[in-house]
$ cat input.cif   # mmCIF, C-alpha atoms and all ligand atoms
data_coords
#
loop_
_atom_site.label_atom_id
_atom_site.label_comp_id
_atom_site.auth_asym_id
_atom_site.auth_seq_id
_atom_site.Cartn_x
_atom_site.Cartn_y
_atom_site.Cartn_z
CA MET Y 1 97.65 106.81 119.86
CA VAL Y 2 96.97 110.24 121.25
CA SER Y 3 94.87 113.17 120.28
CA TYR Y 4 93.23 116.12 121.90
CA SER Y 5 90.47 118.53 121.15
CA VAL Y 6 90.58 122.27 121.62
CA ARG Y 7 87.58 123.35 119.61
CA GLY Y 8 85.03 122.20 122.14
CA GLU Y 9 84.06 123.78 125.41
CA GLU Y 10 86.95 122.51 127.46
CA PRO Y 11 90.20 121.02 126.24
CA VAL Y 12 90.48 117.28 126.74
CA VAL Y 13 93.25 114.77 126.34
CA VAL Y 14 92.28 111.51 124.66
CA GLU Y 15 94.48 108.46 124.71
CA ALA Y 16 94.03 104.86 123.64
CA LEU Y 17 95.48 102.03 125.66
CA LYS Y 18 96.11 99.16 123.26
CA VAL Y 19 96.85 95.82 124.86
CA ARG Y 20 96.63 92.14 124.09
CA ALA Y 21 93.85 90.35 125.92
CA LEU Y 22 93.45 86.71 126.91
CA PRO Y 23 89.93 85.37 127.34
CA GLU Y 24 89.40 83.34 130.48
CA GLY Y 25 88.17 79.93 129.39
CA SER Y 26 86.98 79.35 125.86
CA CYS Y 27 87.18 82.11 123.29
CA ASP Y 28 84.36 80.67 121.17
CA LYS Y 29 81.70 83.10 122.35
CA LEU Y 30 83.91 86.12 121.73
CA LEU Y 31 84.81 84.90 118.26
CA GLU Y 32 81.16 84.21 117.53
CA PHE Y 33 80.29 87.71 118.69
CA LEU Y 34 82.97 89.29 116.48
CA ARG Y 35 81.76 87.36 113.42
CA LEU Y 36 78.15 88.23 114.13
CA TYR Y 37 79.14 91.86 114.63
CA ARG Y 38 81.07 92.01 111.37
CA ASP Y 39 78.24 90.41 109.43
CA ALA Y 40 75.75 92.81 110.98
CA VAL Y 41 77.87 95.81 109.99
CA GLN Y 42 78.08 94.39 106.47
CA LEU Y 43 74.34 93.90 106.35
CA VAL Y 44 73.72 97.49 107.33
CA VAL Y 45 76.39 98.71 104.88
CA ASP Y 46 74.67 96.78 102.06
CA ARG Y 47 71.31 98.29 102.84
CA ILE Y 48 72.55 101.87 103.28
CA TRP Y 49 74.49 101.54 100.05
CA GLY Y 50 71.25 100.88 98.21
CA ILE Y 51 69.50 103.91 99.70
CA ASN Y 52 71.76 106.51 98.11
CA GLU Y 53 70.98 109.46 100.36
CA LYS Y 54 72.34 110.80 103.59
CA LEU Y 55 70.66 109.25 106.61
CA SER Y 56 70.09 110.94 109.95
CA TRP Y 57 70.76 109.02 113.17
CA LYS Y 58 67.06 109.01 113.81
CA ARG Y 59 66.38 107.37 110.48
CA LEU Y 60 69.22 104.88 110.96
CA HIS Y 61 67.73 103.95 114.28
CA ARG Y 62 64.28 103.45 112.75
CA LEU Y 63 65.66 101.35 109.93
CA PHE Y 64 68.03 99.06 111.80
CA TYR Y 65 67.58 99.09 115.55
CA ASN Y 66 64.86 96.47 115.84
CA ASP Y 67 66.48 94.09 113.40
CA LEU Y 68 69.80 94.26 115.19
CA VAL Y 69 68.26 93.76 118.59
CA SER Y 70 66.33 90.76 117.32
CA MET Y 71 69.65 89.29 116.20
CA GLY Y 72 70.61 89.27 119.88
CA PHE Y 73 72.60 92.51 120.08
CA ARG Y 74 72.32 94.78 123.08
CA ALA Y 75 70.90 98.29 122.63
CA HIS Y 76 74.29 99.99 122.50
CA HIS Y 77 75.75 97.34 120.22
CA ALA Y 78 72.98 98.13 117.76
CA LYS Y 79 73.74 101.82 117.84
CA GLU Y 80 77.49 101.26 117.45
CA ILE Y 81 76.82 98.98 114.48
CA TYR Y 82 74.63 101.30 112.43
CA VAL Y 83 76.70 104.38 113.24
CA TYR Y 84 79.88 102.58 112.23
CA ALA Y 85 78.32 101.14 109.06
CA ASN Y 86 77.04 104.57 108.12
CA SER Y 87 80.47 106.15 108.58
CA LEU Y 88 82.04 103.45 106.39
CA VAL Y 89 79.58 104.17 103.60
CA ASP Y 90 80.05 107.92 104.00
CA SER Y 91 83.80 107.77 103.67
CA ALA Y 92 83.68 105.28 100.77
CA ARG Y 93 81.29 107.57 98.91
CA SER Y 94 83.26 110.73 99.55
CA ASN Y 95 86.38 109.00 98.23
CA GLY Y 96 84.46 107.80 95.20
CA GLY Y 97 85.23 104.27 96.27
CA ARG Y 98 83.32 101.01 95.99
CA LYS Y 99 80.99 99.53 98.56
CA PRO Y 100 82.99 98.57 101.66
CA VAL Y 101 83.49 94.87 102.27
CA LEU Y 102 84.47 93.90 105.80
CA ARG Y 103 86.93 91.11 106.39
CA LYS Y 104 88.59 91.86 109.70
CA LEU Y 105 87.05 90.86 112.98
CA SER Y 106 86.70 93.96 115.05
CA ALA Y 107 83.96 95.57 117.13
CA ARG Y 108 83.43 98.93 118.77
CA ILE Y 109 81.90 98.60 122.18
CA ASP Y 110 80.18 101.32 124.14
CA LYS Y 111 81.14 102.00 127.74
CA TYR Y 112 77.80 100.59 128.90
CA ASP Y 113 78.73 97.21 127.50
CA TYR Y 114 81.95 96.56 129.31
CA ARG Y 115 83.47 96.74 132.77
CA LEU Y 116 87.11 97.62 133.14
CA ASP Y 117 88.98 96.76 136.31
CA LEU Y 118 92.30 98.59 136.16
CA ASP Y 119 93.47 97.28 139.53
CA ASN Y 120 93.22 93.69 138.40
CA THR Y 121 93.78 94.47 134.70
CA THR Y 122 90.70 92.58 133.68
CA LEU Y 123 87.95 93.44 131.27
CA THR Y 124 84.44 92.04 131.09
CA LEU Y 125 82.65 92.38 127.77
CA LYS Y 126 78.93 92.05 127.38
CA LEU Y 127 78.25 90.12 124.21
CA HIS Y 128 75.14 89.19 122.28
CA SER Y 129 72.31 87.18 123.85
CA ASP Y 130 73.43 88.09 127.41
CA TYR Y 131 76.73 86.26 127.13
CA GLU Y 132 79.68 87.73 129.01
CA VAL Y 133 83.34 87.13 128.55
CA LYS Y 134 86.14 88.03 130.95
CA LEU Y 135 89.54 88.94 129.56
CA LYS Y 136 92.90 89.33 131.22
CA LEU Y 137 94.80 92.33 129.84
CA VAL Y 138 98.41 91.54 129.08
CA THR Y 139 100.02 94.63 130.56
CA SER Y 140 101.65 95.92 133.69
CA ARG Y 141 99.98 97.74 136.58
CA GLU Y 142 102.34 100.66 135.98
CA ARG Y 143 101.13 101.13 132.44
CA VAL Y 144 97.46 101.30 133.34
CA GLU Y 145 97.87 103.19 136.61
CA LYS Y 146 98.13 106.44 134.68
CA TYR Y 147 94.50 106.16 133.61
CA SER Y 148 92.98 105.69 137.03
CA GLY Y 149 91.78 109.30 137.17
CA TRP Y 150 90.59 109.33 133.57
CA SER Y 151 87.20 108.43 132.18
CA ASN Y 152 86.97 105.63 129.68
CA TYR Y 153 84.26 105.75 127.08
CA GLU Y 154 84.61 103.31 124.23
CA LEU Y 155 86.74 100.38 123.25
CA VAL Y 156 87.62 98.40 120.17
CA VAL Y 157 88.19 94.69 120.38
CA LYS Y 158 89.98 92.94 117.53
CA TYR Y 159 90.99 89.46 116.53
CA GLU Y 160 94.24 89.44 114.58
CA ASP Y 161 96.55 86.56 113.71
CA GLY Y 162 95.10 84.38 116.42
CA GLU Y 163 95.23 87.02 119.15
CA PHE Y 164 92.71 89.33 120.77
CA TRP Y 165 93.56 93.00 121.13
CA VAL Y 166 91.64 95.74 122.85
CA SER Y 167 92.05 99.50 122.57
CA VAL Y 168 90.39 101.32 125.41
CA TYR Y 169 89.80 105.03 124.89
CA PHE Y 170 90.39 107.28 127.86
CA ARG Y 171 89.62 110.93 128.22
CA ARG Y 172 90.59 113.57 130.72
CA VAL Y 173 89.54 117.19 130.94
CA VAL Y 174 92.44 119.60 131.10
CA LYS Y 175 92.21 122.41 133.63
CA PRO Y 176 94.98 124.81 132.73
CA VAL Y 177 96.97 126.29 135.58
CA LYS Y 178 97.32 130.05 135.73
CA PRO Y 179 100.49 130.92 133.83
CA ARG Y 180 103.37 132.68 135.55
CA THR Y 181 105.50 133.08 132.44
CA VAL Y 182 105.09 133.14 128.67
CA MET Y 183 107.02 130.79 126.42
CA THR Y 184 107.15 131.59 122.72
CA ILE Y 185 108.46 129.15 120.14
CA ASP Y 186 109.74 129.79 116.66
CA LEU Y 187 110.12 126.79 114.37
CA ASN Y 188 112.80 126.98 111.73
CA PHE Y 189 114.37 124.78 109.18
CA ASP Y 190 117.48 124.00 111.20
CA ASN Y 191 116.49 124.97 114.72
CA ILE Y 192 113.71 125.58 117.18
CA THR Y 193 114.13 128.78 119.15
CA LEU Y 194 112.37 129.19 122.44
CA ALA Y 195 112.10 132.31 124.58
CA LEU Y 196 110.76 132.65 128.10
CA PHE Y 197 109.27 135.93 129.28
CA THR Y 198 107.95 137.18 132.57
CA LEU Y 199 104.39 138.46 132.49
CA ASN Y 200 105.83 141.98 132.22
CA GLY Y 201 107.78 141.12 129.12
CA GLY Y 202 111.16 140.58 130.71
CA LEU Y 203 113.25 138.01 128.91
CA ILE Y 204 114.19 135.18 131.26
CA ARG Y 205 115.74 132.62 128.99
CA LEU Y 206 116.60 131.76 125.43
CA LYS Y 207 117.14 128.29 124.14
CA ARG Y 208 117.83 126.81 120.78
CA PHE Y 209 117.34 123.20 119.74
CA LYS Y 210 118.73 121.79 116.55
CA THR Y 211 116.39 119.97 114.20
CA PRO Y 212 117.42 116.73 112.48
CA HIS Y 213 117.19 118.48 109.13
CA ARG Y 214 120.49 117.25 107.78
CA LYS Y 215 119.69 113.61 108.41
CA ILE Y 216 116.26 114.03 106.86
CA LEU Y 217 117.63 115.83 103.84
CA THR Y 218 120.17 113.10 103.22
CA HIS Y 219 117.37 110.56 102.91
CA ARG Y 220 115.29 112.89 100.83
CA ILE Y 221 118.17 113.45 98.42
CA TRP Y 222 118.53 109.69 98.10
CA ILE Y 223 114.87 109.36 97.22
CA GLU Y 224 115.06 112.12 94.64
CA ARG Y 225 118.17 110.65 93.11
CA ILE Y 226 116.54 107.26 92.71
CA GLN Y 227 113.38 108.77 91.29
CA ARG Y 228 115.38 110.80 88.80
CA ARG Y 229 117.18 107.70 87.66
CA TYR Y 230 113.96 105.81 87.07
CA PRO Y 231 111.61 108.68 86.31
CA LYS Y 232 108.75 106.61 84.94
CA SER Y 233 109.33 103.16 86.25
CA TRP Y 234 110.30 103.51 89.92
CA ARG Y 235 106.83 102.69 91.10
CA PHE Y 236 106.82 99.41 89.19
CA ILE Y 237 110.22 97.97 89.97
CA LYS Y 238 110.02 96.22 93.29
CA GLY Y 239 113.62 96.77 94.38
CA VAL Y 240 113.50 100.45 93.54
CA ARG Y 241 110.20 100.96 95.26
CA LYS Y 242 111.47 99.17 98.33
CA ALA Y 243 114.57 101.37 98.47
CA ILE Y 244 112.40 104.48 98.34
CA GLU Y 245 110.14 103.10 101.01
CA ARG Y 246 113.14 102.41 103.20
CA HIS Y 247 114.36 105.99 103.02
CA GLY Y 248 110.82 107.25 103.55
CA LYS Y 249 110.50 105.15 106.64
CA LYS Y 250 113.79 106.47 108.00
CA ILE Y 251 112.59 110.03 107.51
CA LYS Y 252 109.38 109.23 109.27
CA ASN Y 253 111.08 107.58 112.21
CA ILE Y 254 113.61 110.35 112.68
CA SER Y 255 110.84 112.95 112.56
CA LEU Y 256 108.43 111.20 114.89
CA ASP Y 257 111.14 110.42 117.37
CA TYR Y 258 112.42 113.96 117.34
CA ALA Y 259 108.95 115.51 117.61
CA HIS Y 260 108.13 113.37 120.59
CA LYS Y 261 111.36 114.18 122.42
CA ILE Y 262 111.18 117.89 121.71
CA GLY Y 263 107.55 117.96 122.83
CA ASP Y 264 108.54 116.38 126.09
CA LEU Y 265 111.51 118.69 126.63
CA VAL Y 266 109.57 121.85 125.88
CA ALA Y 267 106.64 120.82 128.06
CA GLU Y 268 108.92 119.94 130.96
CA LEU Y 269 110.56 123.35 130.74
CA ALA Y 270 107.18 125.04 130.51
CA LEU Y 271 106.04 123.11 133.56
CA LYS Y 272 109.09 124.22 135.51
CA TYR Y 273 108.34 127.87 134.73
CA GLN Y 274 104.54 127.46 134.70
CA SER Y 275 104.37 128.96 131.23
CA ILE Y 276 101.62 129.46 128.77
CA ILE Y 277 103.05 128.25 125.45
CA VAL Y 278 102.60 130.43 122.37
CA LEU Y 279 103.02 128.83 118.95
CA GLU Y 280 102.60 130.07 115.43
CA ASP Y 281 99.40 128.90 113.78
CA LEU Y 282 100.66 126.88 110.84
CA ASP Y 283 97.19 126.82 109.31
CA GLU Y 284 97.56 130.52 108.73
CA LEU Y 285 100.70 130.17 106.66
CA ARG Y 286 99.71 131.36 103.24
CA GLU Y 287 100.96 129.68 100.13
CA ASN Y 288 102.94 132.72 99.12
CA ASN Y 289 104.39 133.08 102.59
CA LYS Y 290 108.16 132.80 102.68
CA LYS Y 291 108.15 130.52 105.68
CA SER Y 292 105.54 128.23 104.18
CA LYS Y 293 107.55 127.83 101.00
CA LYS Y 294 110.70 127.21 102.95
CA PHE Y 295 109.05 124.58 105.12
CA ASN Y 296 107.52 122.72 102.25
CA LYS Y 297 110.58 122.69 100.13
CA LYS Y 298 112.95 121.58 102.80
CA LEU Y 299 111.31 119.35 105.34
CA GLY Y 300 107.61 119.30 104.72
CA LEU Y 301 105.11 121.23 106.75
CA TRP Y 302 103.85 118.03 108.34
CA PHE Y 303 107.10 117.73 110.30
CA TYR Y 304 106.42 121.08 111.96
CA ARG Y 305 102.80 120.18 112.51
CA ARG Y 306 103.95 117.02 114.21
CA ILE Y 307 106.33 118.96 116.46
CA GLN Y 308 103.56 121.36 117.39
CA PHE Y 309 101.18 118.49 117.99
CA CYS Y 310 103.63 116.89 120.40
CA ILE Y 311 104.34 120.16 122.20
CA GLU Y 312 100.61 120.79 122.58
CA TYR Y 313 99.87 117.29 123.67
CA GLU Y 314 102.65 117.09 126.23
CA ALA Y 315 101.73 120.54 127.52
CA ARG Y 316 98.08 119.64 128.00
CA GLU Y 317 99.05 116.46 129.75
CA ARG Y 318 100.77 118.73 132.27
CA ASP Y 319 97.75 121.04 132.48
CA LEU Y 320 99.52 123.85 130.67
CA GLU Y 321 97.78 126.14 128.26
CA VAL Y 322 98.77 126.46 124.60
CA VAL Y 323 97.67 129.24 122.27
CA LYS Y 324 98.43 130.01 118.63
CA ILE Y 325 98.95 133.29 116.90
CA ASN Y 326 99.04 134.25 113.23
CA PRO Y 327 102.65 133.93 112.05
CA ARG Y 328 102.40 136.77 109.57
CA GLY Y 329 105.35 139.13 109.84
CA THR Y 330 106.95 137.41 112.82
CA SER Y 331 110.23 136.97 110.99
CA SER Y 332 110.24 140.23 109.03
CA LYS Y 333 108.98 142.99 111.31
CA CYS Y 334 110.63 144.97 114.06
CA PRO Y 335 109.45 143.81 117.49
CA ARG Y 336 110.00 147.32 118.85
CA CYS Y 337 108.36 149.59 116.26
CA GLY Y 338 106.71 147.23 113.77
CA ARG Y 339 108.59 148.41 110.68
CA LYS Y 340 110.13 146.05 108.17
CA LEU Y 341 113.51 144.68 109.14
CA VAL Y 342 116.47 144.37 106.82
CA GLU Y 343 119.16 141.75 106.92
CA ASN Y 344 122.28 143.22 108.46
CA LYS Y 345 124.51 140.20 108.20
CA TYR Y 346 123.95 136.47 108.23
CA ARG Y 347 121.02 135.68 110.55
CA VAL Y 348 121.00 139.19 112.01
CA LEU Y 349 118.18 141.62 111.30
CA ARG Y 350 118.19 145.37 111.77
CA CYS Y 351 115.53 148.06 111.91
CA LYS Y 352 116.38 151.22 110.02
CA ASN Y 353 113.72 153.10 111.90
CA CYS Y 354 114.55 152.53 115.55
CA GLY Y 355 117.92 150.87 115.41
CA PHE Y 356 116.77 147.52 116.79
CA MET Y 357 119.14 144.71 115.91
CA GLY Y 358 118.73 141.08 116.67
CA ASP Y 359 119.23 137.48 115.76
CA ARG Y 360 116.66 136.39 113.21
CA ASP Y 361 115.12 133.58 115.24
CA VAL Y 362 115.18 135.47 118.53
CA THR Y 363 113.46 138.37 116.79
CA ALA Y 364 110.72 135.97 115.77
CA THR Y 365 110.19 134.84 119.37
CA LEU Y 366 109.93 138.50 120.45
CA ASN Y 367 107.35 139.12 117.76
CA ILE Y 368 105.38 136.06 118.77
CA TYR Y 369 105.33 137.40 122.33
CA ARG Y 370 104.19 140.82 121.10
CA LYS Y 371 101.41 139.26 119.06
CA TYR Y 372 100.30 137.13 121.96
CA ILE Y 373 100.10 140.18 124.21
CA SER Y 374 98.14 142.23 121.70
CA LYS Y 375 95.76 139.38 121.02
CA TYR Y 376 95.16 138.25 124.58
CA SER Y 377 95.85 141.28 126.79
CA ARG Y 378 92.22 142.39 126.69
CA CYS Y 379 91.02 139.15 128.18
CA GLY Y 380 93.07 139.38 131.31
CA ALA Y 381 96.53 138.50 130.05
CA PRO Y 382 99.40 140.85 130.82
CA GLY Y 383 99.52 143.93 128.66
CA VAL Y 384 103.08 145.16 128.76
CA ALA Y 385 105.23 145.24 125.64
CA PRO Y 386 108.40 143.19 125.72
CA ASN Y 387 111.45 145.00 126.96
CA THR Y 388 113.51 143.97 124.02
CA PRO Y 389 116.99 142.88 124.89
CA LYS Y 390 119.77 145.14 123.67
CA PRO Y 391 121.01 144.28 120.19
CA ASN Y 392 124.19 142.53 121.19
CA GLU Y 393 122.73 140.99 124.31
CA ASN Y 394 120.56 139.15 121.89
CA THR Y 395 123.04 137.55 119.62
CA SER Y 396 125.92 137.12 122.00
CA GLY Y 397 123.61 135.53 124.53
CA MET Y 398 122.54 133.09 121.89
CA ARG Y 399 126.03 132.41 120.76
CA GLY Y 400 127.12 131.52 124.25
CA ASN Y 401 124.07 129.41 124.91
CA ARG Y 402 123.66 127.80 121.57
CA ASP Y 403 122.89 124.42 122.93
CA GLU Y 404 122.70 125.51 126.48
CA ALA Y 405 120.99 123.31 129.01
CA MET Y 406 120.14 120.50 126.70
CA PRO Y 407 120.12 117.34 128.74
CA THR Y 408 119.65 115.42 125.56
CA SER Y 409 122.32 117.25 123.62
CA SER Y 410 124.06 114.01 122.81
CA TYR Y 411 120.84 112.76 121.35
CA MET Y 412 120.30 115.93 119.35
CA ASN Y 413 123.87 115.91 118.14
CA SER Y 414 123.59 112.38 116.99
CA TYR Y 415 121.62 113.74 114.07
CA GLU Y 416 124.60 115.71 112.95
CA SER Y 417 126.89 112.79 112.32
ZN ZN T 501 112.11 149.25 114.83
#

$ encode --input "input.cif" --output "structure tokens" --more "lines below"
Ligand SMILES: [Zn+2]
Amino acid sequence: MVSYSVRGEEPVVVEALKVRALPEGSCDKLLEFLRLYRDAVQLVVDRIWGINEKLSWKRLHRLFYNDLVSMGFRAHHAKEIYVYANSLVDSARSNGGRKPVLRKLSARIDKYDYRLDLDNTTLTLKLHSDYEVKLKLVTSRERVEKYSGWSNYELVVKYEDGEFWVSVYFRRVVKPVKPRTVMTIDLNFDNITLALFTLNGGLIRLKRFKTPHRKILTHRIWIERIQRRYPKSWRFIKGVRKAIERHGKKIKNISLDYAHKIGDLVAELALKYQSIIVLEDLDELRENNKKSKKFNKKLGLWFYRRIQFCIEYEARERDLEVVKINPRGTSSKCPRCGRKLVENKYRVLRCKNCGFMGDRDVTATLNIYRKYISKYSRCGAPGVAPNTPKPNENTSGMRGNRDEAMPTSSYMNSYES
């Protein structure tokens, strides 16, 4: 599991390392702890449920801290327990659900209550009543080595089907390197177009990746066909529901796999050129926006969000900066003079005002660059307008390089079968 935060002061990368863990010696104490922990969370849930108002952390502390500590929990256990219980109640209430009932054995443990030894892949947990348990993590040195420079802050230990699992959360602050080039990315239904610019707006490279849209659509058509055949009952017939689930799962796998690989590819390229990556802000797509409609109808906006997420994540892992611009007008306005473009022929747009002519997707990448410059030039970014490539340089260049320099082209093409 990965995630990152940009809203805060400094961007961080957060990652969870989930591994199986084997207790050294008896596992009785750990099991006892997990049961005690679950029951304590339930106890707090029950009491908060009866209070029927929002509780501050201060109040939670006053209400539950002493009781929990007298049950043998350490100070930070107590805090984790009432904070977790409170969040369970909060989310149940906001969903209009019933009072949460805990069955699974799982505990969140603060960084003060465990010691992690990455070199020896061992973990020592501090349990209730001053008990300690040492666990051997079932993983390789190579897998954990990555986190040696990171800071760990919290972990979750679980007991599932007779096995213990731990997820350790690691965090690393990203310090973006100073960009030498600008990479703009335009997401489309059937392709992803990427353009690389120098800081003065010179076009260095164009690249186009195919999306697995055809494969995804095939599965989606299957789903729709089945649903049309059983318009009212498909949810209730097991075989039909299973068939739909199967196609849904395929779509999900194809999408996740693709997003991950494209994120990696794009970030590697950006690393090579030390680029700042400029994406369109999908949150700013309005309902009536042409692109938004197109996305939703054909592949689902979440697919593009996932691609962006992976690009951002992989970029930050490489200490590269990512910014987003408002996508409004990027595929309809002239990158040279800003007037509305008209379609000249298939995929080619033309400006009646200044004579600009260009491939539709490449035009979008130029506009994204232009928007980036106008938004960020005042805070130290380069301020030169793009020297737009000549009309035919644009399209012919793209034609020749359609799938240029794609080390994974066989992989990408496999979607086209
Ligand atoms: Zn123009």

$ closest_residue --input "input.cif" --among "Y:Val278, Y:Leu341, Y:Leu127, Y:Ala195" --to "ligand ZN 501 (chain T)" --atoms "all atoms listed in the file"
Y:Leu341

$ residues_near_ligand --input "input.cif" --ligand "ligand ZN 501 (chain T)" --cutoff "9 Å" --atoms "only C-alpha atoms and all ligand atoms" --output "PyMOL selection string"
chain Y and resi 333-341+350-357

$ write_last_selection --input "input.cif" --atoms "C-alpha atoms" --output "PDB file, in the frame of the given file"
ATOM      1  CA  LYS Y 333     108.980 142.990 111.310  1.00  0.00           C
ATOM      2  CA  CYS Y 334     110.630 144.970 114.060  1.00  0.00           C
ATOM      3  CA  PRO Y 335     109.450 143.810 117.490  1.00  0.00           C
ATOM      4  CA  ARG Y 336     110.000 147.320 118.850  1.00  0.00           C
ATOM      5  CA  CYS Y 337     108.360 149.590 116.260  1.00  0.00           C
ATOM      6  CA  GLY Y 338     106.710 147.230 113.770  1.00  0.00           C
ATOM      7  CA  ARG Y 339     108.590 148.410 110.680  1.00  0.00           C
ATOM      8  CA  LYS Y 340     110.130 146.050 108.170  1.00  0.00           C
ATOM      9  CA  LEU Y 341     113.510 144.680 109.140  1.00  0.00           C
ATOM     10  CA  ARG Y 350     118.190 145.370 111.770  1.00  0.00           C
ATOM     11  CA  CYS Y 351     115.530 148.060 111.910  1.00  0.00           C
ATOM     12  CA  LYS Y 352     116.380 151.220 110.020  1.00  0.00           C
ATOM     13  CA  ASN Y 353     113.720 153.100 111.900  1.00  0.00           C
ATOM     14  CA  CYS Y 354     114.550 152.530 115.550  1.00  0.00           C
ATOM     15  CA  GLY Y 355     117.920 150.870 115.410  1.00  0.00           C
ATOM     16  CA  PHE Y 356     116.770 147.520 116.790  1.00  0.00           C
ATOM     17  CA  MET Y 357     119.140 144.710 115.910  1.00  0.00           C
TER      18      MET Y 357
END

$ closest_residue --input "input.cif" --among "Y:Thr139, Y:Leu194, Y:Ala85, Y:Val168" --to "Tyr114 in chain Y" --atoms "only C-alpha atoms"
Y:Val168

$ atom_distance --input "input.cif" --atom1 "CA of Ala364 in chain Y" --atom2 "CA of Ala267 in chain Y"
19.9 Å

$ residues_around --input "input.cif" --residues "Val41 in chain Y" --least-positions-apart "5" --cutoff "8 Å" --atoms "only C-alpha atoms" --output "NGL selection string"
:Y and (81-82 or 84-85)

$ atom_distance --input "input.cif" --atom1 "CA of Ile262 in chain Y" --atom2 "CA of Ile277 in chain Y"
13.7 Å

$ closest_residue --input "input.cif" --among "Y:Leu282, Y:Ile223, Y:Val342, Y:Leu203" --to "Thr365 in chain Y" --atoms "all atoms listed in the file"
Y:Leu203

$ residues_around --input "input.cif" --residues "Ala243 in chain Y" --least-positions-apart "6" --cutoff "12 Å" --atoms "all atoms listed in the file" --output "PyMOL selection string"
chain Y and resi 219-220+222-227+234-235+237+249-250

$ decode --input "input.cif" --residues "range 44-49 of chain Y" --atoms "all heavy atoms" --output "PDB file, in the first residue's frame"
ATOM      1  N   VAL Y  44     -14.756   0.821  24.609  1.00  0.00           N
ATOM      2  CA  VAL Y  44     -14.762   2.265  24.367  1.00  0.00           C
ATOM      3  C   VAL Y  44     -15.822   2.617  23.315  1.00  0.00           C
ATOM      4  O   VAL Y  44     -16.565   3.590  23.461  1.00  0.00           O
ATOM      5  CB  VAL Y  44     -13.360   2.758  23.940  1.00  0.00           C
ATOM      6  CG1 VAL Y  44     -13.389   4.244  23.612  1.00  0.00           C
ATOM      7  CG2 VAL Y  44     -12.340   2.495  25.041  1.00  0.00           C
ATOM      8  N   VAL Y  45     -15.925   1.781  22.262  1.00  0.00           N
ATOM      9  CA  VAL Y  45     -16.951   1.998  21.236  1.00  0.00           C
ATOM     10  C   VAL Y  45     -18.333   2.029  21.892  1.00  0.00           C
ATOM     11  O   VAL Y  45     -19.134   2.940  21.665  1.00  0.00           O
ATOM     12  CB  VAL Y  45     -16.900   0.887  20.157  1.00  0.00           C
ATOM     13  CG1 VAL Y  45     -18.185   0.875  19.322  1.00  0.00           C
ATOM     14  CG2 VAL Y  45     -15.697   1.072  19.233  1.00  0.00           C
ATOM     15  N   ASP Y  46     -18.605   1.050  22.747  1.00  0.00           N
ATOM     16  CA  ASP Y  46     -19.915   0.961  23.408  1.00  0.00           C
ATOM     17  C   ASP Y  46     -20.229   2.237  24.196  1.00  0.00           C
ATOM     18  O   ASP Y  46     -21.336   2.745  24.157  1.00  0.00           O
ATOM     19  CB  ASP Y  46     -19.953  -0.240  24.368  1.00  0.00           C
ATOM     20  CG  ASP Y  46     -19.881  -1.564  23.613  1.00  0.00           C
ATOM     21  OD1 ASP Y  46     -20.021  -1.541  22.367  1.00  0.00           O
ATOM     22  OD2 ASP Y  46     -19.666  -2.606  24.258  1.00  0.00           O
ATOM     23  N   ARG Y  47     -19.200   2.707  24.899  1.00  0.00           N
ATOM     24  CA  ARG Y  47     -19.460   3.887  25.739  1.00  0.00           C
ATOM     25  C   ARG Y  47     -19.604   5.155  24.904  1.00  0.00           C
ATOM     26  O   ARG Y  47     -20.459   5.990  25.189  1.00  0.00           O
ATOM     27  CB  ARG Y  47     -18.361   4.029  26.797  1.00  0.00           C
ATOM     28  CG  ARG Y  47     -18.646   3.054  27.960  1.00  0.00           C
ATOM     29  CD  ARG Y  47     -17.574   3.036  28.994  1.00  0.00           C
ATOM     30  NE  ARG Y  47     -17.362   4.325  29.637  1.00  0.00           N
ATOM     31  CZ  ARG Y  47     -16.337   4.566  30.457  1.00  0.00           C
ATOM     32  NH1 ARG Y  47     -15.463   3.600  30.712  1.00  0.00           N
ATOM     33  NH2 ARG Y  47     -16.195   5.749  31.016  1.00  0.00           N
ATOM     34  N   ILE Y  48     -18.772   5.298  23.861  1.00  0.00           N
ATOM     35  CA  ILE Y  48     -18.902   6.500  23.014  1.00  0.00           C
ATOM     36  C   ILE Y  48     -20.247   6.483  22.308  1.00  0.00           C
ATOM     37  O   ILE Y  48     -20.889   7.507  22.136  1.00  0.00           O
ATOM     38  CB  ILE Y  48     -17.770   6.568  21.958  1.00  0.00           C
ATOM     39  CG1 ILE Y  48     -16.400   6.619  22.616  1.00  0.00           C
ATOM     40  CG2 ILE Y  48     -17.949   7.794  21.079  1.00  0.00           C
ATOM     41  CD1 ILE Y  48     -15.248   6.631  21.615  1.00  0.00           C
ATOM     42  N   TRP Y  49     -20.676   5.294  21.921  1.00  0.00           N
ATOM     43  CA  TRP Y  49     -21.937   5.165  21.185  1.00  0.00           C
ATOM     44  C   TRP Y  49     -23.103   5.726  22.007  1.00  0.00           C
ATOM     45  O   TRP Y  49     -24.013   6.341  21.485  1.00  0.00           O
ATOM     46  CB  TRP Y  49     -22.190   3.696  20.839  1.00  0.00           C
ATOM     47  CG  TRP Y  49     -23.265   3.529  19.809  1.00  0.00           C
ATOM     48  CD1 TRP Y  49     -24.564   3.172  20.016  1.00  0.00           C
ATOM     49  CD2 TRP Y  49     -23.131   3.720  18.398  1.00  0.00           C
ATOM     50  NE1 TRP Y  49     -25.245   3.119  18.831  1.00  0.00           N
ATOM     51  CE2 TRP Y  49     -24.392   3.448  17.816  1.00  0.00           C
ATOM     52  CE3 TRP Y  49     -22.063   4.086  17.558  1.00  0.00           C
ATOM     53  CZ2 TRP Y  49     -24.628   3.536  16.439  1.00  0.00           C
ATOM     54  CZ3 TRP Y  49     -22.289   4.172  16.196  1.00  0.00           C
ATOM     55  CH2 TRP Y  49     -23.557   3.891  15.653  1.00  0.00           C
TER      56      TRP Y  49
END
